[in-house]
file entry.txt (compact mmCIF, C-alpha atoms)
# COMPACT_ATOMS: atom_id res chain seq x y z
CA MET U 981 169.21 20.06 -20.24
CA SER U 982 169.69 23.82 -20.40
CA ARG U 983 171.92 25.27 -17.72
CA ILE U 984 172.04 28.63 -15.97
CA ILE U 985 175.69 29.60 -15.67
CA GLU U 986 176.64 32.48 -13.39
CA ILE U 987 179.33 34.76 -14.78
CA HIS U 988 182.09 35.58 -12.33
CA ASP U 989 185.04 35.98 -14.69
CA ILE U 990 184.25 38.26 -17.61
CA ALA U 991 187.36 36.94 -19.40
CA ASP U 992 185.83 33.46 -19.70
CA PRO U 993 186.49 32.38 -23.33
CA LEU U 994 182.98 30.91 -23.52
CA LEU U 995 181.76 34.50 -23.68
CA ASP U 996 184.10 35.56 -26.51
CA PRO U 997 181.35 35.61 -29.19
CA TYR U 998 179.58 38.32 -27.21
CA ALA U 999 182.58 40.43 -26.33
CA SER U 1000 185.62 39.98 -28.51
CA LEU U 1001 185.11 37.88 -31.65
CA ARG U 1002 184.98 39.86 -34.87
CA GLU U 1003 182.68 39.21 -37.79
CA ARG U 1004 185.26 37.22 -39.74
CA GLN U 1005 185.77 34.98 -36.70
CA LEU U 1006 182.04 34.41 -36.33
CA ARG U 1007 181.84 33.55 -40.05
CA PRO U 1008 184.80 31.31 -40.95
CA LYS U 1009 184.98 31.09 -44.74
CA ARG U 1010 186.33 27.56 -44.70
CA ARG U 1011 183.58 26.31 -42.39
CA PRO U 1012 180.39 28.17 -43.39
CA GLU U 1013 178.26 25.56 -41.62
CA GLU U 1014 179.73 26.82 -38.32
CA ALA U 1015 178.94 30.48 -38.95
CA LEU U 1016 177.33 32.39 -36.09
CA PHE U 1017 175.77 35.79 -35.41
CA VAL U 1018 174.75 37.68 -32.28
CA ALA U 1019 171.12 38.70 -31.78
CA GLU U 1020 170.59 41.62 -29.41
CA SER U 1021 167.44 42.56 -27.47
CA ARG U 1022 164.54 40.44 -26.34
CA THR U 1023 162.47 41.35 -29.41
CA VAL U 1024 165.18 40.37 -31.89
CA VAL U 1025 166.03 37.15 -30.04
CA THR U 1026 162.37 36.15 -29.78
CA LEU U 1027 161.63 36.77 -33.47
CA ALA U 1028 164.75 34.87 -34.47
CA LEU U 1029 163.66 31.89 -32.38
CA GLU U 1030 160.15 32.06 -33.84
CA ALA U 1031 161.72 31.97 -37.30
CA GLY U 1032 163.45 28.71 -36.41
CA ILE U 1033 166.97 30.07 -35.91
CA ALA U 1034 168.98 27.74 -33.67
CA PRO U 1035 170.52 29.30 -30.53
CA VAL U 1036 173.98 28.36 -29.26
CA SER U 1037 173.82 30.28 -25.99
CA PHE U 1038 171.97 33.09 -24.26
CA LEU U 1039 173.29 36.01 -22.20
CA MET U 1040 170.94 37.82 -19.86
CA ASP U 1041 170.92 40.38 -17.05
CA ARG U 1042 169.96 38.72 -13.79
CA SER U 1043 167.19 41.31 -13.43
CA GLN U 1044 165.60 39.88 -16.57
CA MET U 1045 165.40 36.35 -15.19
CA ALA U 1046 162.24 37.00 -13.21
CA GLY U 1047 161.30 40.18 -15.04
CA ALA U 1048 160.42 41.06 -18.60
CA SER U 1049 162.12 37.99 -20.04
CA ALA U 1050 160.81 35.43 -17.54
CA ASP U 1051 158.74 33.74 -20.26
CA LEU U 1052 161.83 33.37 -22.45
CA VAL U 1053 163.77 31.93 -19.52
CA SER U 1054 161.02 29.36 -18.98
CA GLU U 1055 161.23 28.29 -22.61
CA ILE U 1056 165.01 27.98 -22.40
CA LEU U 1057 164.89 25.90 -19.24
CA ALA U 1058 162.14 23.72 -20.70
CA ASP U 1059 164.72 22.38 -23.15
CA ARG U 1060 162.87 23.73 -26.16
CA TRP U 1061 166.24 24.22 -27.86
CA GLY U 1062 168.18 21.47 -26.16
CA ASP U 1063 171.29 21.86 -24.01
CA VAL U 1064 171.82 25.58 -24.56
CA PRO U 1065 173.60 27.48 -21.76
CA LEU U 1066 172.08 30.61 -20.30
CA TYR U 1067 174.81 32.94 -18.99
CA THR U 1068 173.78 35.52 -16.44
CA ALA U 1069 175.28 38.02 -14.01
CA ASP U 1070 174.61 41.38 -12.41
CA ASP U 1071 173.89 44.18 -14.88
CA GLY U 1072 177.18 45.93 -14.18
CA VAL U 1073 179.20 42.79 -14.87
CA LEU U 1074 177.58 42.29 -18.26
CA GLU U 1075 178.04 45.94 -19.11
CA SER U 1076 181.76 45.52 -18.46
CA LEU U 1077 181.78 42.39 -20.60
CA THR U 1078 180.09 43.84 -23.67
CA GLY U 1079 181.27 47.42 -23.37
CA PHE U 1080 177.74 48.82 -23.32
CA THR U 1081 174.48 48.41 -21.47
CA LEU U 1082 172.70 45.33 -22.75
CA SER U 1083 169.77 46.32 -24.95
CA ARG U 1084 166.76 45.17 -22.95
CA GLY U 1085 169.01 42.75 -21.14
CA VAL U 1086 169.10 39.82 -23.59
CA LEU U 1087 171.53 38.57 -26.22
CA SER U 1088 171.95 35.23 -27.97
CA VAL U 1089 174.64 33.64 -30.10
CA MET U 1090 172.83 31.87 -32.94
CA ARG U 1091 173.65 29.68 -35.89
CA ARG U 1092 173.59 31.58 -39.14
CA PRO U 1093 170.94 30.06 -41.44
CA ALA U 1094 171.71 29.12 -45.02
CA LEU U 1095 170.50 31.83 -47.38
CA PRO U 1096 167.87 30.99 -49.99
CA SER U 1097 168.49 31.69 -53.67
CA VAL U 1098 167.32 34.88 -55.36
CA ARG U 1099 164.80 32.84 -57.32
CA GLU U 1100 163.35 31.38 -54.12
CA VAL U 1101 163.08 34.77 -52.43
CA CYS U 1102 161.49 36.39 -55.49
CA ARG U 1103 159.04 33.60 -56.26
CA GLY U 1104 155.62 35.22 -56.15
CA ALA U 1105 157.03 38.64 -55.19
CA ARG U 1106 155.75 41.75 -56.95
CA ARG U 1107 157.58 44.51 -55.08
CA ILE U 1108 161.14 44.07 -53.84
CA ALA U 1109 163.90 46.32 -52.54
CA VAL U 1110 167.50 45.99 -53.68
CA LEU U 1111 170.16 47.47 -51.38
CA GLU U 1112 173.28 48.36 -53.34
CA ASP U 1113 176.52 48.57 -51.33
CA ILE U 1114 174.88 50.21 -48.28
CA MET U 1115 177.62 49.87 -45.69
CA ASP U 1116 175.94 51.46 -42.68
CA ALA U 1117 174.36 48.63 -40.67
CA ALA U 1118 171.79 50.96 -39.11
CA ASN U 1119 170.56 52.04 -42.54
CA VAL U 1120 170.29 48.43 -43.66
CA GLY U 1121 168.27 47.58 -40.55
CA ALA U 1122 166.02 50.61 -40.96
CA ILE U 1123 165.30 49.82 -44.61
CA ILE U 1124 164.46 46.21 -43.83
CA ARG U 1125 162.11 47.32 -41.06
CA SER U 1126 160.35 49.72 -43.43
CA ALA U 1127 160.16 47.07 -46.16
CA ALA U 1128 158.51 44.63 -43.77
CA ALA U 1129 156.18 47.19 -42.21
CA LEU U 1130 155.02 48.72 -45.48
CA GLY U 1131 154.32 45.48 -47.32
CA MET U 1132 157.27 44.96 -49.62
CA ASP U 1133 157.61 41.30 -50.56
CA ALA U 1134 161.37 40.77 -50.26
CA VAL U 1135 164.78 42.41 -49.91
CA LEU U 1136 167.96 41.67 -51.87
CA VAL U 1137 171.37 42.95 -50.81
CA THR U 1138 174.42 43.19 -53.05
CA PRO U 1139 177.64 41.41 -52.03
CA ARG U 1140 179.27 44.66 -50.84
CA CYS U 1141 176.26 45.61 -48.72
CA SER U 1142 176.43 45.45 -44.92
CA ASP U 1143 175.23 42.11 -43.55
CA PRO U 1144 171.57 42.27 -42.39
CA LEU U 1145 172.46 39.87 -39.55
CA LEU U 1146 175.07 42.14 -38.05
CA ARG U 1147 174.11 42.87 -34.45
CA ARG U 1148 173.29 46.51 -35.10
CA ALA U 1149 171.42 45.88 -38.35
CA ALA U 1150 169.19 43.20 -36.83
CA ARG U 1151 168.55 45.36 -33.74
CA VAL U 1152 167.59 48.43 -35.76
CA SER U 1153 165.33 46.23 -37.90
CA MET U 1154 163.51 45.28 -34.66
CA GLY U 1155 163.83 41.65 -35.72
CA THR U 1156 161.99 42.09 -39.02
CA VAL U 1157 165.10 40.71 -40.72
CA PHE U 1158 163.66 37.34 -39.58
CA GLN U 1159 160.21 38.10 -40.95
CA ILE U 1160 160.70 39.39 -44.49
CA PRO U 1161 162.40 37.15 -47.08
CA TRP U 1162 165.90 38.36 -48.03
CA THR U 1163 169.11 37.12 -49.57
CA VAL U 1164 172.29 38.26 -51.31
CA ILE U 1165 172.12 38.83 -55.06
CA GLY U 1166 175.40 37.60 -56.49
CA GLY U 1167 178.25 35.50 -55.18
CA CYS U 1168 180.87 38.23 -55.40
CA ALA U 1169 181.12 41.99 -55.87
CA GLU U 1170 181.69 41.64 -59.61
CA ASP U 1171 178.24 40.07 -60.06
CA TRP U 1172 176.55 43.44 -59.51
CA PRO U 1173 175.16 45.30 -61.32
CA ALA U 1174 175.45 43.57 -64.72
CA GLU U 1175 174.63 39.98 -63.79
CA GLY U 1176 172.34 40.89 -60.92
CA MET U 1177 170.18 43.23 -62.96
CA ALA U 1178 170.10 40.72 -65.83
CA LEU U 1179 168.74 38.15 -63.37
CA LEU U 1180 166.07 40.56 -62.15
CA ARG U 1181 165.03 41.16 -65.74
CA GLU U 1182 164.94 37.40 -66.35
CA LEU U 1183 162.64 37.04 -63.35
CA GLY U 1184 160.27 39.59 -64.85
CA PHE U 1185 161.17 42.65 -62.78
CA ARG U 1186 161.46 46.14 -64.10
CA THR U 1187 163.88 48.29 -62.12
CA ALA U 1188 163.54 51.72 -60.53
CA ALA U 1189 166.83 53.30 -59.46
CA MET U 1190 166.39 55.87 -56.68
CA ALA U 1191 168.71 58.63 -57.90
CA LEU U 1192 168.85 62.16 -59.25
CA SER U 1193 169.50 62.73 -62.96
CA HIS U 1194 168.28 64.90 -65.79
CA ASP U 1195 165.60 62.38 -66.77
CA THR U 1196 164.43 61.39 -63.29
CA ALA U 1197 160.80 60.29 -62.97
CA ASP U 1198 158.56 61.35 -60.11
CA LEU U 1199 157.96 58.62 -57.51
CA ARG U 1200 154.23 59.21 -58.09
CA ASP U 1201 154.55 58.30 -61.78
CA PRO U 1202 151.61 55.91 -62.45
CA ARG U 1203 153.82 53.65 -64.57
CA LEU U 1204 155.57 52.46 -61.42
CA LYS U 1205 152.37 51.28 -59.76
CA GLU U 1206 151.10 49.76 -62.98
CA THR U 1207 154.21 47.60 -63.35
CA GLU U 1208 153.51 43.98 -62.48
CA ARG U 1209 156.89 43.31 -60.87
CA LEU U 1210 159.09 46.15 -59.67
CA ALA U 1211 162.51 46.21 -58.00
CA VAL U 1212 163.38 49.46 -56.18
CA ILE U 1213 167.15 49.94 -56.02
CA LEU U 1214 168.62 52.05 -53.21
CA GLY U 1215 172.24 53.17 -52.96
CA THR U 1216 174.68 54.03 -50.26
CA GLU U 1217 174.87 57.39 -48.50
CA GLY U 1218 176.98 60.05 -50.20
CA THR U 1219 177.89 58.49 -53.54
CA GLY U 1220 174.52 56.92 -54.24
CA LEU U 1221 174.00 54.28 -56.90
CA LEU U 1222 176.69 53.16 -59.31
CA PRO U 1223 176.47 54.95 -62.68
CA GLU U 1224 176.14 51.56 -64.41
CA THR U 1225 173.17 50.68 -62.19
CA VAL U 1226 171.42 53.91 -63.12
CA ARG U 1227 172.19 53.36 -66.80
CA ARG U 1228 170.79 49.82 -66.76
CA ALA U 1229 167.62 50.67 -64.82
CA ASP U 1230 164.25 51.04 -66.53
CA TRP U 1231 163.57 54.23 -64.59
CA THR U 1232 165.50 56.68 -62.47
CA VAL U 1233 163.14 57.83 -59.73
CA LYS U 1234 163.18 60.75 -57.30
CA ILE U 1235 161.10 61.88 -54.34
CA PRO U 1236 159.69 65.42 -54.84
CA MET U 1237 161.06 67.78 -52.18
CA ALA U 1238 160.64 71.32 -50.92
CA HIS U 1239 162.87 74.13 -49.60
CA GLY U 1240 165.71 73.26 -51.95
CA VAL U 1241 166.49 69.98 -50.18
CA ASP U 1242 168.04 67.61 -52.71
CA SER U 1243 167.93 64.28 -50.89
CA LEU U 1244 166.96 62.28 -47.81
CA ASN U 1245 168.84 59.77 -45.72
CA VAL U 1246 168.55 56.44 -47.54
CA GLY U 1247 166.54 54.94 -44.69
CA ALA U 1248 163.99 57.77 -44.85
CA ALA U 1249 163.93 57.69 -48.66
CA ALA U 1250 163.24 53.96 -48.60
CA ALA U 1251 160.29 54.39 -46.24
CA VAL U 1252 158.77 57.13 -48.42
CA ALA U 1253 159.26 55.07 -51.58
CA PHE U 1254 157.79 51.90 -50.10
CA TRP U 1255 154.77 53.77 -48.74
CA GLU U 1256 154.02 55.46 -52.05
CA LEU U 1257 154.43 52.29 -54.09
CA MET U 1258 152.43 50.10 -51.71
CA ARG U 1259 149.65 52.36 -50.43
CA ASP U 1260 147.14 51.31 -53.11
CA ARG U 1261 147.78 47.61 -52.48

call {"tool": "encode", "arguments": {"input": "entry.txt", "output": "structure tokens"}}
result
Amino acid sequence: MSRIIEIHDIADPLLDPYASLRERQLRPKRRPEEALFVAESRTVVTLALEAGIAPVSFLMDRSQMAGASADLVSEILADRWGDVPLYTADDGVLESLTGFTLSRGVLSVMRRPALPSVREVCRGARRIAVLEDIMDAANVGAIIRSAAALGMDAVLVTPRCSDPLLRRAARVSMGTVFQIPWTVIGGCAEDWPAEGMALLRELGFRTAAMALSHDTADLRDPRLKETERLAVILGTEGTGLLPETVRRADWTVKIPMAHGVDSLNVGAAAAVAFWELMRDR
């Protein structure tokens, strides 16, 4: 039966996943079946649960117990997920524990699900986004949110890309990371771009690299919309896409701009690209 556990000692080791454990500790390489992640905010936690992600524990402001999250509390106490502890305390105590004000008062430690294969994620997909080495978790979350909202079919991230299940990435995605299919393309950094782009080609995708070059096509180029299966590749802030990625792509694509502006933040660029490519679908 689920238990409500009052927090009195913020140094309690049971709370370490929320406060002090680093990513490598939450994801032990030798025991991948024990890997965890932290979901933050009621929206993210709820969407994760709806997607079938298994919770290990919950952490909640006491004010949430009979407030905005009362329905979630009822589900927890109804043993929907088994004997999962619900930790709670005054808002100030939890702020001291986590180092910041809890986003909407709810967090959960959850079991990291096994990722599907690229072939599984891309089965039936016509428009996908590929995130190449984007290290900023907020950008990853924003792109995933735009991909889900604007009708893209799936998202692939390269091995050097920031993890979409990082607390900040999932929060910025508003939980859409649990709604749109995604996975990692490649088992190690060396698998991208050569092997990864070869796989995309094998799966029937043509590739559009979002970058500036002398032969860049306009995002409104009708060939892009006419392509049966298209993978839009987005690169990290600053350096952009790898030269080899651009060389291997079927098209290099740019967003037309005014006032001499040469580029947008990758999150904004992704939203514009997804809208333009999907608006006639």

call {"tool": "residues_near_point", "arguments": {"input": "entry.txt", "point": "(164.7, 55.5, -50.9)", "cutoff": "10 Å", "atoms": "all atoms listed in the file", "output": "PyMOL selection string"}}
result
chain U and resi 1109+1111+1123+1189-1191+1199+1212-1215+1233-1235+1243-1254

call {"tool": "closest_residue", "arguments": {"input": "entry.txt", "among": "U:Val1089, U:Ala1122, U:Ala1046, U:Ala1058", "to": "Ala1034 in chain U", "atoms": "all atoms listed in the file"}}
result
U:Val1089

call {"tool": "atom_distance", "arguments": {"input": "entry.txt", "atom1": "CA of Asp1195 in chain U", "atom2": "CA of Ala1229 in chain U"}}
result
12.0 Å

call {"tool": "closest_atom_pairs", "arguments": {"input": "entry.txt", "of": "range 1099-1154 of chain U", "to": "range 1012-1021 of chain U", "cutoff": "9 Å", "atoms": "all atoms listed in the file", "output": "Markdown table"}}
result
| residue | atom | partner | partner_atom | distance |
| --- | --- | --- | --- | --- |
| U:Leu1145 | CA | U:Phe1017 | CA | 6.7 |
| U:Leu1146 | CA | U:Phe1017 | CA | 6.9 |
| U:Arg1147 | CA | U:Val1018 | CA | 5.7 |
| U:Arg1148 | CA | U:Glu1020 | CA | 8.0 |
| U:Ala1150 | CA | U:Ala1019 | CA | 7.0 |
| U:Arg1151 | CA | U:Glu1020 | CA | 6.1 |
| U:Met1154 | CA | U:Ser1021 | CA | 8.6 |

call {"tool": "closest_residue", "arguments": {"input": "entry.txt", "among": "U:Thr1216, U:Asp1070, U:Pro1008, U:Leu994", "to": "Ser1037 in chain U", "atoms": "all atoms listed in the file"}}
result
U:Leu994

call {"tool": "atom_distance", "arguments": {"input": "entry.txt", "atom1": "CA of Ala1031 in chain U", "atom2": "CA of Gln1005 in chain U"}}
result
24.2 Å

call {"tool": "residues_around", "arguments": {"input": "entry.txt", "residues": "Gln1159 in chain U", "least_positions_apart": "2", "cutoff": "9 Å", "atoms": "all atoms listed in the file", "output": "number ranges by chain"}}
result
U: 1027-1028, 1031, 1128, 1155-1157, 1161

call {"tool": "atom_distance", "arguments": {"input": "entry.txt", "atom1": "CA of Val1098 in chain U", "atom2": "CA of Trp1162 in chain U"}}
result
8.2 Å

call {"tool": "axis_aligned_box", "arguments": {"input": "entry.txt", "around": "range 998-1008 of chain U", "padding_each_side": "8 Å", "output": "AutoDock Vina command-line options"}}
result
--center_x 182.7 --center_y 35.9 --center_z -33.6 --size_x 22.2 --size_y 25.1 --size_z 30.6

call {"tool": "residues_around", "arguments": {"input": "entry.txt", "residues": "Trp1231 in chain U", "least_positions_apart": "5", "cutoff": "12 Å", "atoms": "all atoms listed in the file", "output": "PyMOL selection string"}}
result
chain U and resi 1185-1199+1201+1203-1204+1207+1210-1213+1225-1226

call {"tool": "residues_around", "arguments": {"input": "entry.txt", "residues": "range 1129-1143 of chain U", "least_positions_apart": "2", "cutoff": "9 Å", "atoms": "all atoms listed in the file", "output": "short mmCIF file (atom, residue, chain, number, x, y, z; two decimals) with C-alpha atoms, keeping the file's coordinate frame"}}
result
data_model
loop_
_atom_site.label_atom_id
_atom_site.label_comp_id
_atom_site.auth_asym_id
_atom_site.auth_seq_id
_atom_site.Cartn_x
_atom_site.Cartn_y
_atom_site.Cartn_z
CA VAL U 1098 167.32 34.88 -55.36
CA VAL U 1101 163.08 34.77 -52.43
CA CYS U 1102 161.49 36.39 -55.49
CA GLY U 1104 155.62 35.22 -56.15
CA ALA U 1105 157.03 38.64 -55.19
CA ARG U 1106 155.75 41.75 -56.95
CA ARG U 1107 157.58 44.51 -55.08
CA ILE U 1108 161.14 44.07 -53.84
CA ALA U 1109 163.90 46.32 -52.54
CA VAL U 1110 167.50 45.99 -53.68
CA LEU U 1111 170.16 47.47 -51.38
CA GLU U 1112 173.28 48.36 -53.34
CA ASP U 1113 176.52 48.57 -51.33
CA ILE U 1114 174.88 50.21 -48.28
CA MET U 1115 177.62 49.87 -45.69
CA ASP U 1116 175.94 51.46 -42.68
CA ALA U 1117 174.36 48.63 -40.67
CA VAL U 1120 170.29 48.43 -43.66
CA ILE U 1124 164.46 46.21 -43.83
CA ARG U 1125 162.11 47.32 -41.06
CA SER U 1126 160.35 49.72 -43.43
CA ALA U 1127 160.16 47.07 -46.16
CA LEU U 1145 172.46 39.87 -39.55
CA LEU U 1146 175.07 42.14 -38.05
CA ALA U 1149 171.42 45.88 -38.35
CA THR U 1156 161.99 42.09 -39.02
CA ILE U 1160 160.70 39.39 -44.49
CA PRO U 1161 162.40 37.15 -47.08
CA TRP U 1162 165.90 38.36 -48.03
CA THR U 1163 169.11 37.12 -49.57
CA VAL U 1164 172.29 38.26 -51.31
CA ILE U 1165 172.12 38.83 -55.06
CA GLY U 1166 175.40 37.60 -56.49
CA GLY U 1167 178.25 35.50 -55.18
CA CYS U 1168 180.87 38.23 -55.40
CA ALA U 1169 181.12 41.99 -55.87
CA GLU U 1170 181.69 41.64 -59.61
CA ASP U 1171 178.24 40.07 -60.06
CA TRP U 1172 176.55 43.44 -59.51
CA PRO U 1173 175.16 45.30 -61.32
CA GLY U 1176 172.34 40.89 -60.92
CA THR U 1216 174.68 54.03 -50.26
CA ALA U 1251 160.29 54.39 -46.24
CA PHE U 1254 157.79 51.90 -50.10
CA TRP U 1255 154.77 53.77 -48.74
CA MET U 1258 152.43 50.10 -51.71
CA ARG U 1259 149.65 52.36 -50.43
CA ARG U 1261 147.78 47.61 -52.48
#
